[in-house]
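A.B. asks: Sending over a structure as structure tokens; questions will come in a sec.
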Amino acid sequence: MSSSLSASLNEENDIINKQSLIKAEILDKNYDKNLFFDFCLAAKPQNGDDLANWSMDELKEVIRRFTEEQEQKNQIALDKEQKIKDQQAQAESIQLNMEQIRSNKAEEYHTSPYIKEIQCKKLEKSPINDKKVEIIIKNPKPVETGFFTSNYITYEVLTTEVNWGVRRRYSDFVWLRDTLCKFYPRMFVPPMPSKKIGSRRFEVDFVEKRMKFLTKFMANVMENETFKASEPLTAFLSMTDRSQFEMKMRELTSFTPSMYIEDIKNIQGKVYISNEGDTNEKYYTNINNYFKLQYQLFARLNYNMKNFYVNINAAVTHLDDVQKDFEMLHLLNSKVQMKEEVTRTYEELGIFFKNWKRMLYNQNEIIKSNIKDFFKYIQMEGTAYEELIHSREEIKNRYVAENAKLTAKKDKLWAAMDISKWEITEDMNKIDRVLLFRDKIYATAKMCTVETQMVENLKKQLGYANRSNIDELKKLISKYCVSYIKNLKEFSDQMYPSLNDGLNIWTGLTAFSDVY
């Protein structure tokens, strides 16, 4: 074989080997051949696109450099892609968290104190429901009983709109309030004036004041539609036969209302309870602080107004001096033999100022007494509301104690794993026995059925107390503000014209003061 042919074959084999290398390292590994050719031209600008100009070692080196560079670029691309994926995943996670937060807030709203509703027993409306009924208390009448029992006073109690009329004694009003508190322990029942012993309870002024308080009590009771539909109030207002009424009193007094929320009776046929886990401890701390501050402010306000009227009484005593001055003028004119009508005028003026003093003093004492009674009743209402707070505190303490005791008992039963002692009353065929021995939460929910129902009801009672007390307090505070402002405005409206008229009388005389 000639040397030229042998060289040609060697060159051909060299090209084939180089092509095989490129195929194995570049093409078969899915590298971009165009990028590789551009890389080769960049490495060997002159004739770098001709394999004949590349030695095998040079080709291997350029392939190594190209693949390393491509791997680095690929890794960077992968890192970037992963980073984008991570960012997208993080964004999706944030979105899910936000949705969960919104879902939780929605759940909080649906389980908030003003949402949860439980159906209870509905009271049938009485003839006085949905009517503006006024209770009139009048005609007090002393009743003499005998040597072994105390005398007492009865009052005529008239119910407008339905024309009911009965006679009731003070103890009957007390029974009504006690029975309403018993039947509706979560509702605010207006206060009653305290019982008075001794002979003064038969004095006219005391009886009048007591009638005023009883009228206030009944007016507040009639603001509650559930009370108006209740059996105790209907019997109190309508039963004219005393023996039948006393029989009904004994019957209602001996009755024990159910403690289950579902057995509550009201005009709506439903009750609202707060979130079962929300005991509103901070809220009730604020309530207690509110009443403490309110008592202090009302006491100070009452004290200042009392002093104001005491000072008015002190000022009124100066009318004695005015009266004496006119008596001196009367005496002086009688000595100089003035006309009889002038002398008589000074005499009448002396009598007038004497009567004016007595009238102002009596009127001032009445106003002062009424203001004192007003603030006293407000304080009594606050005390009555505190009864609800204390009752709610008793429910809370009982629930906490019973729940802790039941939880400890269930933990002990679960640890013993003796299903015969788990006190399960549910049909065992409806219970998943596998879960019963594997899932503590499932098991504890099934065991001790009776005690669990009792604790769950206590939890409902606490939720009902939380919600009810808030509503009752809002109404009470609103009534404080409205009644106080209303009374003060009416008093001012009546006093201003009379004071203004008195000012106008003296204005005409003062017009001449500059002349003299």
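Each chain of the structure tokens is named A, B, ... in the order shown, its residues numbered from 1; ligands are numbered from 1 in display order.
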Do you know which residues are at most 12 Å from range 69-73 of chain A counting only C-alpha atoms, after dropping those on the same chain fewer than 3 positions away, and could you put them as JSON, numbers by chain?
C.D. replies: {"A": [26, 29, 30, 31, 32, 33, 35, 36, 39, 62, 63, 64, 65, 66, 76, 77, 78, 79, 80]}
A.B. asks: Could you pull the residues within 10 Å of range 169-172 of chain A, counting only C-alpha atoms, minus those fewer than 3 positions along the same chain, as a list in words?
C.D. replies: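 Listing them by chain and then by number gives Pro140, Lys141, Pro142, Val143, Tyr152, Ile153, Thr154, Tyr155, Glu156, Val157, Trp175, Leu176, Arg177, Asp178, Met192, Pro193, Lys195, Arg210, Met211, Leu214, Phe236, Phe245, Glu246 and Met249 of chain A.
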A.B. asks: Find the residues around Asp320 in chain A up to 12 Å (only C-alpha atoms counted), leave out those fewer than 2 positions away in its own chain, and share them as a PyMOL selection string.
C.D. replies: chain A and resi 313-318+322-327+349-358
A.B. asks: Give the alpha helix (DSSP H) residues of range 171-376 of chain A, as DSSP finds them on the backbone, and put them as a ChimeraX atom specification.
C.D. replies: /A:171-183,204-221,225-228,231-238,242-254,281-316,319-335,340-376
A.B. asks: Include C-alpha atoms and write out the residues we just selected as a short mmCIF file (atom, residue, chain, number, x, y, z; two decimals), in the first residue's frame.
C.D. replies:
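Written file, part.cif:
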```cif
data_model
loop_
_atom_site.label_atom_id
_atom_site.label_comp_id
_atom_site.auth_asym_id
_atom_site.auth_seq_id
_atom_site.Cartn_x
_atom_site.Cartn_y
_atom_site.Cartn_z
CA SER A 171 -94.98 40.08 101.06
CA ASP A 172 -96.83 39.17 97.83
CA PHE A 173 -94.57 41.53 95.89
CA VAL A 174 -91.55 39.91 97.56
CA TRP A 175 -92.87 36.48 96.55
CA LEU A 176 -93.28 37.66 92.96
CA ARG A 177 -89.69 38.86 92.73
CA ASP A 178 -88.28 35.73 94.38
CA THR A 179 -90.29 33.49 92.05
CA LEU A 180 -89.23 35.38 88.93
CA CYS A 181 -85.60 35.06 90.06
CA LYS A 182 -86.14 31.34 90.55
CA PHE A 183 -87.84 30.73 87.18
CA VAL A 204 -98.71 57.97 105.73
CA ASP A 205 -95.42 59.28 104.36
CA PHE A 206 -93.81 55.83 104.58
CA VAL A 207 -96.77 54.14 102.89
CA GLU A 208 -96.71 56.71 100.10
CA LYS A 209 -93.00 56.16 99.54
CA ARG A 210 -93.44 52.39 99.55
CA MET A 211 -96.20 52.63 96.93
CA LYS A 212 -93.85 54.69 94.79
CA PHE A 213 -91.12 52.03 95.02
CA LEU A 214 -93.56 49.20 94.33
CA THR A 215 -94.89 51.06 91.30
CA LYS A 216 -91.34 51.45 90.04
CA PHE A 217 -90.71 47.76 90.59
CA MET A 218 -93.81 46.71 88.65
CA ALA A 219 -93.09 49.14 85.81
CA ASN A 220 -89.64 47.60 85.35
CA VAL A 221 -91.03 44.07 85.49
CA GLU A 225 -92.10 40.32 77.62
CA THR A 226 -91.04 36.96 79.06
CA PHE A 227 -92.08 38.07 82.55
CA LYS A 228 -95.40 39.31 81.15
CA GLU A 231 -97.35 32.16 85.24
CA PRO A 232 -96.19 33.91 88.46
CA LEU A 233 -96.91 37.42 87.13
CA THR A 234 -100.23 36.43 85.57
CA ALA A 235 -101.38 34.90 88.86
CA PHE A 236 -100.17 37.91 90.83
CA LEU A 237 -102.08 40.40 88.67
CA SER A 238 -105.29 38.51 87.89
CA ARG A 242 -107.10 35.15 98.01
CA SER A 243 -107.25 31.45 98.91
CA GLN A 244 -106.76 30.39 95.28
CA PHE A 245 -103.89 32.82 94.90
CA GLU A 246 -102.18 31.49 98.04
CA MET A 247 -102.60 27.95 96.70
CA LYS A 248 -100.96 29.01 93.41
CA MET A 249 -98.16 30.69 95.38
CA ARG A 250 -97.42 27.44 97.24
CA GLU A 251 -97.52 25.47 94.00
CA LEU A 252 -95.07 27.76 92.19
CA THR A 253 -92.81 28.07 95.22
CA SER A 254 -92.46 24.29 95.54
CA GLU A 281 -63.08 36.81 82.90
CA LYS A 282 -61.60 40.16 81.83
CA TYR A 283 -65.07 41.45 80.97
CA TYR A 284 -66.44 40.57 84.41
CA THR A 285 -63.44 42.13 86.09
CA ASN A 286 -64.32 45.32 84.21
CA ILE A 287 -67.96 45.00 85.31
CA ASN A 288 -66.95 44.83 88.97
CA ASN A 289 -64.73 47.87 88.52
CA TYR A 290 -67.60 49.63 86.75
CA PHE A 291 -69.96 49.12 89.68
CA LYS A 292 -67.34 50.22 92.21
CA LEU A 293 -66.73 53.45 90.30
CA GLN A 294 -70.44 53.96 89.69
CA TYR A 295 -71.25 53.67 93.39
CA GLN A 296 -68.53 56.20 94.18
CA LEU A 297 -69.75 58.66 91.53
CA PHE A 298 -73.42 58.33 92.44
CA ALA A 299 -72.58 58.70 96.12
CA ARG A 300 -70.63 61.87 95.37
CA LEU A 301 -73.34 63.20 93.08
CA ASN A 302 -76.00 62.48 95.67
CA TYR A 303 -73.84 64.12 98.36
CA ASN A 304 -73.28 67.27 96.30
CA MET A 305 -76.96 67.60 95.38
CA LYS A 306 -77.93 67.04 99.01
CA ASN A 307 -75.54 69.81 100.06
CA PHE A 308 -76.97 72.03 97.35
CA TYR A 309 -80.45 71.70 98.82
CA VAL A 310 -79.14 72.10 102.35
CA ASN A 311 -77.65 75.41 101.24
CA ILE A 312 -80.98 76.40 99.73
CA ASN A 313 -82.62 75.72 103.08
CA ALA A 314 -80.00 77.88 104.73
CA ALA A 315 -80.73 80.66 102.25
CA VAL A 316 -84.46 80.33 102.82
CA LEU A 319 -86.64 85.21 104.60
CA ASP A 320 -87.12 85.45 108.38
CA ASP A 321 -85.07 88.64 108.32
CA VAL A 322 -87.09 89.95 105.36
CA GLN A 323 -90.29 89.23 107.28
CA LYS A 324 -88.97 91.12 110.32
CA ASP A 325 -88.01 94.10 108.14
CA PHE A 326 -91.57 94.37 106.83
CA GLU A 327 -92.91 94.04 110.36
CA MET A 328 -90.69 97.00 111.35
CA LEU A 329 -91.97 98.97 108.34
CA HIS A 330 -95.51 98.13 109.40
CA LEU A 331 -94.81 99.39 112.91
CA LEU A 332 -93.08 102.53 111.62
CA ASN A 333 -95.95 103.45 109.31
CA SER A 334 -98.51 102.87 112.05
CA LYS A 335 -96.69 105.45 114.24
CA GLU A 340 -104.53 102.26 106.45
CA GLU A 341 -104.00 100.46 103.10
CA VAL A 342 -100.24 101.15 103.28
CA THR A 343 -100.03 99.80 106.81
CA ARG A 344 -102.09 96.74 105.81
CA THR A 345 -99.84 96.15 102.79
CA TYR A 346 -96.72 95.92 104.94
CA GLU A 347 -98.56 93.59 107.30
CA GLU A 348 -99.59 91.32 104.40
CA LEU A 349 -96.05 91.37 103.03
CA GLY A 350 -94.73 90.15 106.37
CA ILE A 351 -97.22 87.28 106.33
CA PHE A 352 -96.40 86.56 102.68
CA PHE A 353 -92.66 86.15 103.32
CA LYS A 354 -93.39 83.95 106.31
CA ASN A 355 -95.57 81.68 104.13
CA TRP A 356 -93.08 81.85 101.26
CA LYS A 357 -90.35 80.60 103.52
CA ARG A 358 -92.49 77.67 104.71
CA MET A 359 -93.51 76.79 101.14
CA LEU A 360 -89.94 76.91 99.76
CA TYR A 361 -88.61 74.91 102.68
CA ASN A 362 -91.24 72.17 102.30
CA GLN A 363 -90.83 72.04 98.53
CA ASN A 364 -87.07 71.85 98.87
CA GLU A 365 -87.30 69.01 101.37
CA ILE A 366 -89.59 67.05 99.06
CA ILE A 367 -87.24 67.49 96.08
CA LYS A 368 -84.25 66.51 98.19
CA SER A 369 -86.06 63.41 99.45
CA ASN A 370 -87.11 62.37 95.94
CA ILE A 371 -83.59 62.78 94.58
CA LYS A 372 -82.31 60.67 97.45
CA ASP A 373 -84.89 57.99 96.63
CA PHE A 374 -83.94 58.12 92.95
CA PHE A 375 -80.27 57.44 93.65
CA LYS A 376 -81.20 54.83 96.24
#
```
A.B. asks: Could you please determine the separation between CA of Cys448 in chain A and CA of Lys405 in chain A in Å, to one decimal place?
C.D. replies: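 Spanning CA of Cys448 in chain A to CA of Lys405 in chain A is a straight-line distance of 11.8 Å.
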A.B. asks: Residues within 9 Å of Arg392 in chain A, please, as a ChimeraX atom specification. Count only C-alpha atoms; anything in the same chain fewer than 6 positions from it doesn't count.
C.D. replies: /A:186,461-462,465-466,469
A.B. asks: Would you put the residues from that selection into a file with N, CA and C atoms, as a CSV table (one decimal), in the first residue's frame?
C.D. replies:
```csv
chain,number,residue,atom,x,y,z
A,186,ARG,N,-81.3,33.9,84.9
A,186,ARG,CA,-80.3,34.6,84.1
A,186,ARG,C,-80.8,35.9,83.6
A,461,GLN,N,-74.7,26.4,80.5
A,461,GLN,CA,-75.2,27.4,81.5
A,461,GLN,C,-74.3,28.5,81.6
A,462,LEU,N,-73.0,28.2,81.7
A,462,LEU,CA,-72.0,29.3,81.8
A,462,LEU,C,-72.0,30.2,80.6
A,465,ALA,N,-75.0,32.3,80.8
A,465,ALA,CA,-74.8,33.4,81.8
A,465,ALA,C,-73.9,34.5,81.2
A,466,ASN,N,-72.9,34.1,80.5
A,466,ASN,CA,-72.0,35.1,79.9
A,466,ASN,C,-72.7,36.0,78.9
A,469,ASN,N,-75.8,38.0,80.8
A,469,ASN,CA,-75.4,39.1,81.7
A,469,ASN,C,-74.9,40.3,81.0
```
A.B. asks: So which residues of range 243-339 of chain A fall under strand (DSSP E or B) by DSSP, listed as a list in words?
C.D. replies: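 The strand (DSSP E or B) residues within range 243-339 of chain A come out as Lys265, Asn266, Lys270, Val271 and Tyr272 of chain A.
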A.B. asks: Extract, using only C-alpha atoms, all DNA, RNA and protein residues at most 6 Å from range 116-131 of chain A, discarding same-chain residues fewer than 2 positions from it, and format them as an MDAnalysis selection string.
C.D. replies: chainID A and resid 111 133 228:229 262:267 269:273
A.B. asks: So which one's closest to Ser20 in chain A, A:Gly463, A:Lys60, A:Asp418, A:Val162? Using only C-alpha atoms, please.
C.D. replies: A:Lys60
A.B. asks: Quick one, how far is CA of Leu41 in chain A from CA of Asp28 in chain A?
C.D. replies: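 Computing it gives 21.0 Å between the two atoms.
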A.B. asks: So what do you get for CA of Ile424 in chain A versus CA of Met447 in chain A, distance-wise?
C.D. replies: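 Going from CA of Ile424 in chain A over to CA of Met447 in chain A covers 4.9 Å.
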